[in-house]
>>> print(open('my_file20.txt').read())   # compact mmCIF, N, CA and C atoms
# COMPACT_ATOMS: atom_id res chain seq x y z
N MET A 126 47.31 -69.27 87.95
CA MET A 126 46.38 -70.15 87.26
C MET A 126 47.10 -71.45 86.91
N ARG A 127 46.46 -72.57 87.24
CA ARG A 127 47.08 -73.87 87.00
C ARG A 127 46.70 -74.47 85.65
N PHE A 128 45.62 -73.99 85.04
CA PHE A 128 45.11 -74.58 83.81
C PHE A 128 45.05 -73.53 82.70
N VAL A 129 45.31 -73.97 81.48
CA VAL A 129 45.19 -73.11 80.30
C VAL A 129 44.19 -73.78 79.38
N ASN A 130 43.03 -73.16 79.21
CA ASN A 130 41.96 -73.75 78.42
C ASN A 130 42.19 -73.46 76.94
N LEU A 131 42.73 -74.42 76.22
CA LEU A 131 42.94 -74.27 74.78
C LEU A 131 41.74 -74.76 73.98
N THR A 132 40.70 -75.23 74.67
CA THR A 132 39.50 -75.69 73.98
C THR A 132 38.54 -74.55 73.69
N LEU A 133 38.64 -73.48 74.44
CA LEU A 133 37.71 -72.35 74.37
C LEU A 133 36.27 -72.79 74.66
N ASN A 134 36.12 -73.87 75.40
CA ASN A 134 34.81 -74.40 75.76
C ASN A 134 34.37 -73.77 77.07
N ALA A 135 33.13 -73.24 77.11
CA ALA A 135 32.63 -72.54 78.30
C ALA A 135 32.50 -73.48 79.51
N LYS A 136 32.08 -74.72 79.30
CA LYS A 136 31.94 -75.66 80.42
C LYS A 136 33.30 -75.94 81.04
N ILE A 137 34.31 -76.06 80.22
CA ILE A 137 35.67 -76.28 80.75
C ILE A 137 36.15 -75.04 81.48
N SER A 138 35.86 -73.86 80.95
CA SER A 138 36.26 -72.61 81.64
C SER A 138 35.64 -72.53 83.03
N MET A 139 34.36 -72.87 83.15
CA MET A 139 33.70 -72.84 84.46
C MET A 139 34.27 -73.92 85.38
N ALA A 140 34.57 -75.09 84.81
CA ALA A 140 35.15 -76.17 85.61
C ALA A 140 36.54 -75.79 86.11
N ILE A 141 37.30 -75.11 85.28
CA ILE A 141 38.63 -74.64 85.70
C ILE A 141 38.50 -73.71 86.88
N SER A 142 37.54 -72.78 86.83
CA SER A 142 37.34 -71.85 87.95
C SER A 142 37.03 -72.60 89.23
N ALA A 143 36.17 -73.61 89.14
CA ALA A 143 35.82 -74.40 90.33
C ALA A 143 37.03 -75.20 90.82
N ALA A 144 37.79 -75.78 89.92
CA ALA A 144 38.97 -76.56 90.30
C ALA A 144 40.01 -75.67 90.97
N GLU A 145 40.18 -74.47 90.46
CA GLU A 145 41.14 -73.53 91.07
C GLU A 145 40.75 -73.22 92.52
N VAL A 146 39.46 -73.03 92.77
CA VAL A 146 38.99 -72.77 94.13
C VAL A 146 39.29 -73.98 95.02
N LEU A 147 39.01 -75.19 94.51
CA LEU A 147 39.25 -76.40 95.30
C LEU A 147 40.73 -76.64 95.57
N LEU A 148 41.59 -76.20 94.67
CA LEU A 148 43.03 -76.39 94.85
C LEU A 148 43.67 -75.33 95.75
N HIS A 149 42.87 -74.40 96.24
CA HIS A 149 43.38 -73.41 97.20
C HIS A 149 43.62 -74.11 98.54
N PRO A 150 44.73 -73.80 99.21
CA PRO A 150 45.07 -74.49 100.47
C PRO A 150 43.99 -74.43 101.55
N ASP A 151 43.13 -73.41 101.53
CA ASP A 151 42.11 -73.28 102.57
C ASP A 151 40.75 -73.85 102.16
N SER A 152 40.68 -74.53 101.03
CA SER A 152 39.40 -75.05 100.57
C SER A 152 38.95 -76.24 101.42
N LYS A 153 37.66 -76.53 101.33
CA LYS A 153 37.09 -77.68 102.04
C LYS A 153 37.78 -78.98 101.59
N MET A 154 38.07 -79.09 100.30
CA MET A 154 38.73 -80.29 99.79
C MET A 154 40.10 -80.46 100.42
N MET A 155 40.89 -79.40 100.42
CA MET A 155 42.25 -79.49 100.96
C MET A 155 42.25 -79.77 102.46
N LYS A 156 41.30 -79.19 103.18
CA LYS A 156 41.22 -79.47 104.62
C LYS A 156 40.91 -80.94 104.88
N GLU A 157 40.05 -81.51 104.04
CA GLU A 157 39.76 -82.95 104.18
C GLU A 157 40.97 -83.79 103.81
N LEU A 158 41.67 -83.41 102.76
CA LEU A 158 42.84 -84.18 102.32
C LEU A 158 43.94 -84.19 103.38
N VAL A 159 44.14 -83.06 104.05
CA VAL A 159 45.17 -82.99 105.10
C VAL A 159 44.90 -84.03 106.18
N GLN A 160 43.63 -84.26 106.49
CA GLN A 160 43.25 -85.19 107.55
C GLN A 160 43.29 -86.66 107.10
N LYS A 161 43.32 -86.89 105.80
CA LYS A 161 43.25 -88.25 105.27
C LYS A 161 44.65 -88.85 105.19
N ASN A 162 44.90 -89.84 105.99
CA ASN A 162 46.23 -90.44 106.03
C ASN A 162 46.23 -91.92 105.67
N ASP A 163 45.23 -92.34 104.91
CA ASP A 163 45.17 -93.75 104.53
C ASP A 163 45.26 -93.95 103.01
N PHE A 164 45.86 -92.99 102.31
CA PHE A 164 46.06 -93.17 100.88
C PHE A 164 47.04 -94.32 100.64
N LYS A 165 46.85 -95.01 99.54
CA LYS A 165 47.76 -96.09 99.13
C LYS A 165 48.44 -95.66 97.84
N PHE A 166 49.10 -96.58 97.21
CA PHE A 166 49.69 -96.38 95.88
C PHE A 166 50.76 -95.28 95.88
N ASN A 167 51.64 -95.30 96.88
CA ASN A 167 52.79 -94.38 96.98
C ASN A 167 52.39 -92.91 97.08
N SER A 168 51.27 -92.63 97.70
CA SER A 168 50.80 -91.25 97.80
C SER A 168 51.31 -90.53 99.03
N GLY A 169 51.57 -91.25 100.09
CA GLY A 169 51.99 -90.62 101.33
C GLY A 169 50.81 -90.09 102.13
N PRO A 170 51.09 -89.46 103.27
CA PRO A 170 50.01 -88.92 104.10
C PRO A 170 49.33 -87.72 103.44
N GLY A 171 48.17 -87.37 103.96
CA GLY A 171 47.36 -86.29 103.39
C GLY A 171 48.10 -84.98 103.24
N LEU A 172 48.91 -84.61 104.21
CA LEU A 172 49.64 -83.35 104.11
C LEU A 172 50.58 -83.36 102.92
N ASP A 173 51.24 -84.48 102.67
CA ASP A 173 52.12 -84.59 101.50
C ASP A 173 51.33 -84.46 100.20
N VAL A 174 50.13 -85.04 100.18
CA VAL A 174 49.28 -84.93 99.00
C VAL A 174 48.92 -83.47 98.75
N VAL A 175 48.50 -82.78 99.79
CA VAL A 175 48.13 -81.37 99.64
C VAL A 175 49.32 -80.54 99.17
N LEU A 176 50.48 -80.75 99.77
CA LEU A 176 51.67 -79.99 99.37
C LEU A 176 52.00 -80.23 97.90
N SER A 177 51.86 -81.46 97.44
CA SER A 177 52.12 -81.74 96.02
C SER A 177 51.12 -81.03 95.12
N LEU A 178 49.86 -81.00 95.53
CA LEU A 178 48.83 -80.37 94.71
C LEU A 178 48.95 -78.85 94.67
N VAL A 179 49.34 -78.23 95.79
CA VAL A 179 49.38 -76.76 95.81
C VAL A 179 50.70 -76.18 95.34
N THR A 180 51.77 -76.95 95.39
CA THR A 180 53.07 -76.38 95.00
C THR A 180 53.35 -76.50 93.51
N ARG A 181 52.59 -77.30 92.80
CA ARG A 181 52.80 -77.43 91.35
C ARG A 181 52.28 -76.16 90.69
N ARG A 182 53.13 -75.33 90.15
CA ARG A 182 52.72 -74.02 89.65
C ARG A 182 52.75 -73.88 88.14
N GLU A 183 53.44 -74.76 87.43
CA GLU A 183 53.48 -74.63 85.98
C GLU A 183 52.08 -74.90 85.43
N PRO A 184 51.54 -74.00 84.63
CA PRO A 184 50.18 -74.24 84.10
C PRO A 184 50.17 -75.41 83.12
N ILE A 185 49.06 -76.11 83.09
CA ILE A 185 48.90 -77.25 82.21
C ILE A 185 47.79 -76.96 81.21
N GLU A 186 48.02 -77.30 79.96
CA GLU A 186 47.06 -77.04 78.91
C GLU A 186 45.93 -78.07 78.93
N ILE A 187 44.74 -77.61 78.56
CA ILE A 187 43.57 -78.47 78.45
C ILE A 187 43.19 -78.51 76.97
N LEU A 188 43.07 -79.72 76.44
CA LEU A 188 42.77 -79.92 75.02
C LEU A 188 41.68 -80.99 74.86
N PHE A 189 41.11 -81.05 73.67
CA PHE A 189 40.22 -82.15 73.30
C PHE A 189 41.00 -83.14 72.45
N TYR A 190 40.58 -84.40 72.49
CA TYR A 190 41.07 -85.41 71.55
C TYR A 190 39.88 -86.26 71.13
N LYS A 191 39.98 -86.87 70.00
CA LYS A 191 38.92 -87.77 69.53
C LYS A 191 39.46 -89.19 69.63
N SER A 192 38.83 -89.97 70.48
CA SER A 192 39.26 -91.34 70.68
C SER A 192 39.13 -92.12 69.38
N LEU A 193 40.15 -92.90 69.06
CA LEU A 193 40.09 -93.75 67.87
C LEU A 193 39.05 -94.85 68.04
N ASN A 194 38.82 -95.23 69.29
CA ASN A 194 37.83 -96.26 69.61
C ASN A 194 36.54 -95.57 70.03
N PRO A 195 35.48 -95.63 69.22
CA PRO A 195 34.24 -94.94 69.58
C PRO A 195 33.57 -95.50 70.83
N TRP A 196 33.97 -96.69 71.28
CA TRP A 196 33.39 -97.29 72.48
C TRP A 196 34.28 -97.10 73.70
N SER A 197 35.33 -96.34 73.58
CA SER A 197 36.23 -96.11 74.71
C SER A 197 35.47 -95.48 75.87
N ALA A 198 35.71 -95.97 77.07
CA ALA A 198 35.08 -95.41 78.26
C ALA A 198 35.87 -94.24 78.82
N ALA A 199 37.06 -93.99 78.30
CA ALA A 199 37.92 -92.92 78.83
C ALA A 199 37.27 -91.55 78.62
N VAL A 200 37.21 -90.78 79.68
CA VAL A 200 36.67 -89.42 79.63
C VAL A 200 37.80 -88.43 79.38
N GLY A 201 38.95 -88.70 79.98
CA GLY A 201 40.09 -87.81 79.82
C GLY A 201 41.37 -88.56 80.10
N ASN A 202 42.47 -87.89 79.82
CA ASN A 202 43.77 -88.48 80.16
C ASN A 202 44.81 -87.38 80.29
N PHE A 203 45.87 -87.74 80.98
CA PHE A 203 47.03 -86.85 81.09
C PHE A 203 48.12 -87.47 80.24
N GLY A 204 48.52 -86.78 79.21
CA GLY A 204 49.50 -87.31 78.27
C GLY A 204 50.92 -86.89 78.55
N GLY A 205 51.23 -86.47 79.76
CA GLY A 205 52.58 -86.06 80.10
C GLY A 205 52.82 -84.57 79.96
N GLU A 206 52.07 -83.92 79.08
CA GLU A 206 52.24 -82.47 78.89
C GLU A 206 50.93 -81.70 78.94
N ALA A 207 49.80 -82.39 78.79
CA ALA A 207 48.50 -81.72 78.75
C ALA A 207 47.42 -82.66 79.26
N ILE A 208 46.30 -82.07 79.67
CA ILE A 208 45.11 -82.84 80.02
C ILE A 208 44.23 -82.85 78.78
N HIS A 209 43.79 -84.04 78.41
CA HIS A 209 42.95 -84.18 77.21
C HIS A 209 41.57 -84.72 77.60
N PHE A 210 40.52 -84.08 77.09
CA PHE A 210 39.16 -84.57 77.25
C PHE A 210 38.75 -85.28 75.98
N ASN A 211 38.11 -86.43 76.13
CA ASN A 211 37.62 -87.21 75.01
C ASN A 211 36.40 -86.48 74.42
N SER A 212 36.53 -85.96 73.21
CA SER A 212 35.45 -85.19 72.60
C SER A 212 34.22 -86.06 72.34
N ARG A 213 34.39 -87.36 72.23
CA ARG A 213 33.24 -88.26 72.03
C ARG A 213 32.38 -88.38 73.29
N LYS A 214 32.96 -88.15 74.44
CA LYS A 214 32.26 -88.30 75.72
C LYS A 214 31.88 -86.96 76.35
N PHE A 215 32.53 -85.88 75.94
CA PHE A 215 32.44 -84.63 76.68
C PHE A 215 31.02 -84.09 76.81
N SER A 216 30.24 -84.12 75.75
CA SER A 216 28.91 -83.50 75.80
C SER A 216 27.99 -84.17 76.82
N SER A 217 28.26 -85.42 77.16
CA SER A 217 27.41 -86.12 78.13
C SER A 217 27.86 -85.91 79.58
N LEU A 218 28.96 -85.21 79.79
CA LEU A 218 29.48 -85.03 81.15
C LEU A 218 28.75 -83.90 81.87
N SER A 219 28.47 -84.12 83.15
CA SER A 219 27.92 -83.05 83.98
C SER A 219 29.06 -82.09 84.38
N PHE A 220 28.68 -80.96 84.92
CA PHE A 220 29.68 -80.00 85.39
C PHE A 220 30.59 -80.64 86.44
N HIS A 221 29.99 -81.37 87.39
CA HIS A 221 30.79 -82.01 88.44
C HIS A 221 31.74 -83.05 87.86
N GLU A 222 31.32 -83.76 86.84
CA GLU A 222 32.19 -84.75 86.20
C GLU A 222 33.37 -84.08 85.50
N VAL A 223 33.15 -82.92 84.90
CA VAL A 223 34.25 -82.19 84.25
C VAL A 223 35.24 -81.70 85.30
N VAL A 224 34.74 -81.14 86.40
CA VAL A 224 35.63 -80.70 87.48
C VAL A 224 36.38 -81.90 88.05
N GLY A 225 35.67 -82.99 88.28
CA GLY A 225 36.31 -84.21 88.80
C GLY A 225 37.38 -84.73 87.88
N CYS A 226 37.12 -84.71 86.58
CA CYS A 226 38.12 -85.17 85.61
C CYS A 226 39.34 -84.25 85.64
N LEU A 227 39.11 -82.95 85.70
CA LEU A 227 40.24 -82.00 85.79
C LEU A 227 41.10 -82.31 87.01
N LEU A 228 40.48 -82.48 88.17
CA LEU A 228 41.23 -82.77 89.39
C LEU A 228 41.94 -84.12 89.30
N HIS A 229 41.25 -85.10 88.75
CA HIS A 229 41.84 -86.43 88.59
C HIS A 229 43.10 -86.36 87.73
N GLU A 230 42.98 -85.73 86.57
CA GLU A 230 44.12 -85.65 85.65
C GLU A 230 45.21 -84.73 86.20
N TYR A 231 44.82 -83.67 86.89
CA TYR A 231 45.80 -82.78 87.51
C TYR A 231 46.62 -83.54 88.56
N SER A 232 45.98 -84.45 89.29
CA SER A 232 46.72 -85.22 90.28
C SER A 232 47.77 -86.11 89.60
N HIS A 233 47.46 -86.61 88.40
CA HIS A 233 48.48 -87.35 87.65
C HIS A 233 49.66 -86.44 87.31
N TYR A 234 49.35 -85.22 86.90
CA TYR A 234 50.36 -84.21 86.59
C TYR A 234 51.26 -83.97 87.82
N CYS A 235 50.69 -84.07 89.00
CA CYS A 235 51.44 -83.86 90.24
C CYS A 235 52.14 -85.13 90.71
N GLY A 236 52.03 -86.22 89.96
CA GLY A 236 52.78 -87.42 90.26
C GLY A 236 52.01 -88.56 90.89
N PHE A 237 50.71 -88.44 91.08
CA PHE A 237 49.93 -89.50 91.71
C PHE A 237 49.39 -90.47 90.65
N ASN A 238 49.23 -91.74 91.05
CA ASN A 238 48.72 -92.72 90.11
C ASN A 238 47.65 -93.58 90.78
N HIS A 239 47.05 -94.48 89.99
CA HIS A 239 46.00 -95.37 90.48
C HIS A 239 46.56 -96.62 91.12
N GLY A 240 47.79 -96.89 90.90
CA GLY A 240 48.39 -98.14 91.31
C GLY A 240 49.15 -98.72 90.14
N THR A 241 49.57 -99.95 90.26
CA THR A 241 50.33 -100.58 89.19
C THR A 241 49.69 -101.90 88.82
N GLY A 242 50.16 -102.46 87.76
CA GLY A 242 49.68 -103.76 87.34
C GLY A 242 48.68 -103.68 86.20
N ARG A 243 48.22 -104.84 85.82
CA ARG A 243 47.36 -105.00 84.66
C ARG A 243 46.05 -104.23 84.79
N LEU A 244 45.51 -104.10 85.98
CA LEU A 244 44.22 -103.45 86.19
C LEU A 244 44.34 -102.05 86.79
N ALA A 245 45.49 -101.43 86.64
CA ALA A 245 45.74 -100.14 87.27
C ALA A 245 44.76 -99.06 86.83
N ASN A 246 44.32 -99.06 85.59
CA ASN A 246 43.46 -97.99 85.10
C ASN A 246 41.97 -98.26 85.26
N TYR A 247 41.61 -99.30 86.00
CA TYR A 247 40.20 -99.59 86.22
C TYR A 247 39.76 -99.09 87.58
N LYS A 248 38.65 -98.38 87.61
CA LYS A 248 38.13 -97.82 88.85
C LYS A 248 37.51 -98.94 89.68
N THR A 249 37.87 -98.98 90.94
CA THR A 249 37.30 -99.93 91.89
C THR A 249 36.90 -99.17 93.15
N PRO A 250 36.04 -99.74 93.99
CA PRO A 250 35.70 -99.07 95.25
C PRO A 250 36.93 -98.76 96.10
N GLU A 251 37.90 -99.68 96.12
CA GLU A 251 39.12 -99.45 96.90
C GLU A 251 39.88 -98.23 96.38
N LYS A 252 40.01 -98.12 95.06
CA LYS A 252 40.73 -96.99 94.49
C LYS A 252 40.00 -95.67 94.73
N CYS A 253 38.68 -95.69 94.72
CA CYS A 253 37.91 -94.47 94.97
C CYS A 253 38.13 -93.97 96.39
N GLN A 254 38.50 -94.85 97.30
CA GLN A 254 38.76 -94.45 98.68
C GLN A 254 40.23 -94.17 98.97
N TYR A 255 41.14 -94.90 98.30
CA TYR A 255 42.55 -94.83 98.69
C TYR A 255 43.52 -94.32 97.62
N SER A 256 43.04 -94.03 96.42
CA SER A 256 43.89 -93.51 95.34
C SER A 256 43.59 -92.03 95.18
N VAL A 257 44.61 -91.19 95.18
CA VAL A 257 44.39 -89.75 95.09
C VAL A 257 43.58 -89.36 93.85
N PRO A 258 43.94 -89.81 92.64
CA PRO A 258 43.16 -89.38 91.47
C PRO A 258 41.67 -89.73 91.57
N TYR A 259 41.37 -90.97 91.93
CA TYR A 259 39.96 -91.37 92.01
C TYR A 259 39.26 -90.74 93.22
N PHE A 260 39.96 -90.57 94.33
CA PHE A 260 39.36 -89.93 95.49
C PHE A 260 38.90 -88.51 95.13
N LEU A 261 39.73 -87.78 94.40
CA LEU A 261 39.36 -86.42 94.01
C LEU A 261 38.17 -86.41 93.06
N SER A 262 38.21 -87.25 92.04
CA SER A 262 37.13 -87.22 91.05
C SER A 262 35.81 -87.74 91.61
N GLU A 263 35.87 -88.68 92.51
CA GLU A 263 34.64 -89.28 93.04
C GLU A 263 33.98 -88.46 94.14
N ASN A 264 34.68 -87.55 94.76
CA ASN A 264 34.14 -86.79 95.90
C ASN A 264 33.93 -85.32 95.61
N VAL A 265 34.11 -84.90 94.37
CA VAL A 265 34.05 -83.47 94.04
C VAL A 265 32.70 -82.85 94.40
N LYS A 266 31.61 -83.57 94.31
CA LYS A 266 30.28 -83.01 94.63
C LYS A 266 30.21 -82.55 96.07
N ARG A 267 30.91 -83.21 96.97
CA ARG A 267 30.90 -82.82 98.39
C ARG A 267 31.59 -81.47 98.61
N TRP A 268 32.51 -81.13 97.76
CA TRP A 268 33.35 -79.95 97.99
C TRP A 268 32.89 -78.71 97.23
N ILE A 269 32.05 -78.89 96.24
CA ILE A 269 31.60 -77.70 95.46
C ILE A 269 30.31 -77.18 96.05
>>> encode(input="my_file20.txt", output="structure tokens")
Amino acid sequence: MRFVNLTLNAKISMAISAAEVLLHPDSKMMKELVQKNDFKFNSGPGLDVVLSLVTRREPIEILFYKSLNPWSAAVGNFGGEAIHFNSRKFSSLSFHEVVGCLLHEYSHYCGFNHGTGRLANYKTPEKCQYSVPYFLSENVKRWI
């Protein structure tokens, strides 16, 4: 098991189950990732991405946090030791968005990023296609 649900939230538990299936080497997601060799932002070819995602075995904790900024658009974050869901945003998330956020933050745990610079944390069409974290979160509906 890659995730430890410390929230005791049922939606997160179900999302963890779905994410675990997608992170299996034979999943539809992983088969697509192996074929994708146009990632940017120091990700390497698709096979390297898959190997990074499947070989990370230390479980990561899932927690809630309350954003200090009530208008924050952040849904979740990886704080170096755990994945945190923004409790102010969580109730409005669909199941697919929760799974996508888990995969997105898990990819950060595995060493992938959005890029560098002042606008690194802003989602763009280019990042949704060529950045591992955004590619995973934006395409999860195709794989479930």
>>> closest_residue(input="my_file20.txt", among="A:Asp163, A:Thr249, A:Tyr234, A:Glu145", to="Gly204 of chain A", atoms="all atoms listed in the file")
A:Tyr234
>>> atom_distance(input="my_file20.txt", atom1="atom C of Phe215 of chain A", atom2="atom C of Glu186 of chain A")
16.2 Å
>>> atom_distance(input="my_file20.txt", atom1="atom CA of Tyr255 of chain A", atom2="atom N of Thr241 of chain A")
12.1 Å
>>> residues_around(input="my_file20.txt", residues="Leu188 of chain A", least_positions_apart="5", cutoff="6.5 Å", atoms="all atoms listed in the file", output="NGL selection string")
:A and (130-132 or 207-210)
>>> select_by_dssp(input="my_file20.txt", residues="chain A", states="strand (DSSP E or B)", output="ChimeraX atom specification")
/A:128-130,185-190,201-203,207-211
>>> residues_around(input="my_file20.txt", residues="segment 135-144 of chain A", least_positions_apart="3", cutoff="8 Å", atoms="only C-alpha atoms", output="VMD selection string")
chain A and resid 128 130 132 147 to 148 220 to 221 223 to 224 227 to 228 269
>>> decode(input="my_file20.txt", residues="segment 158-172 of chain A", atoms="N, CA and C atoms", output="CSV table (one decimal), in the first residue's frame")
chain,number,residue,atom,x,y,z
A,158,LEU,N,1.6,5.6,-20.1
A,158,LEU,CA,2.8,6.4,-19.7
A,158,LEU,C,4.1,5.8,-20.3
A,159,VAL,N,4.2,4.5,-20.4
A,159,VAL,CA,5.4,3.8,-21.0
A,159,VAL,C,5.6,4.3,-22.4
A,160,GLN,N,4.5,4.5,-23.1
A,160,GLN,CA,4.5,4.9,-24.6
A,160,GLN,C,4.8,6.4,-24.7
A,161,LYS,N,4.6,7.2,-23.7
A,161,LYS,CA,4.7,8.7,-23.8
A,161,LYS,C,6.2,9.1,-23.5
A,162,ASN,N,6.8,9.6,-24.6
A,162,ASN,CA,8.2,10.0,-24.4
A,162,ASN,C,8.4,11.5,-24.7
A,163,ASP,N,7.4,12.3,-24.5
A,163,ASP,CA,7.5,13.7,-24.7
A,163,ASP,C,7.4,14.5,-23.5
A,164,PHE,N,7.6,13.9,-22.3
A,164,PHE,CA,7.5,14.7,-21.1
A,164,PHE,C,8.6,15.7,-21.0
A,165,LYS,N,8.4,16.8,-20.4
A,165,LYS,CA,9.4,17.9,-20.2
A,165,LYS,C,9.6,18.0,-18.7
A,166,PHE,N,10.3,19.0,-18.3
A,166,PHE,CA,10.6,19.4,-16.9
A,166,PHE,C,11.4,18.3,-16.2
A,167,ASN,N,12.4,17.8,-16.8
A,167,ASN,CA,13.3,16.8,-16.2
A,167,ASN,C,12.7,15.5,-15.8
A,168,SER,N,11.7,15.1,-16.6
A,168,SER,CA,11.0,13.8,-16.3
A,168,SER,C,11.5,12.6,-16.9
A,169,GLY,N,12.2,12.8,-18.1
A,169,GLY,CA,12.7,11.6,-18.8
A,169,GLY,C,11.6,10.9,-19.6
A,170,PRO,N,12.0,9.8,-20.3
A,170,PRO,CA,11.0,9.1,-21.1
A,170,PRO,C,10.0,8.4,-20.2
A,171,GLY,N,8.9,7.9,-20.9
A,171,GLY,CA,7.8,7.3,-20.2
A,171,GLY,C,8.2,6.1,-19.3
A,172,LEU,N,9.1,5.3,-19.8
A,172,LEU,CA,9.5,4.1,-19.0
A,172,LEU,C,10.2,4.6,-17.7
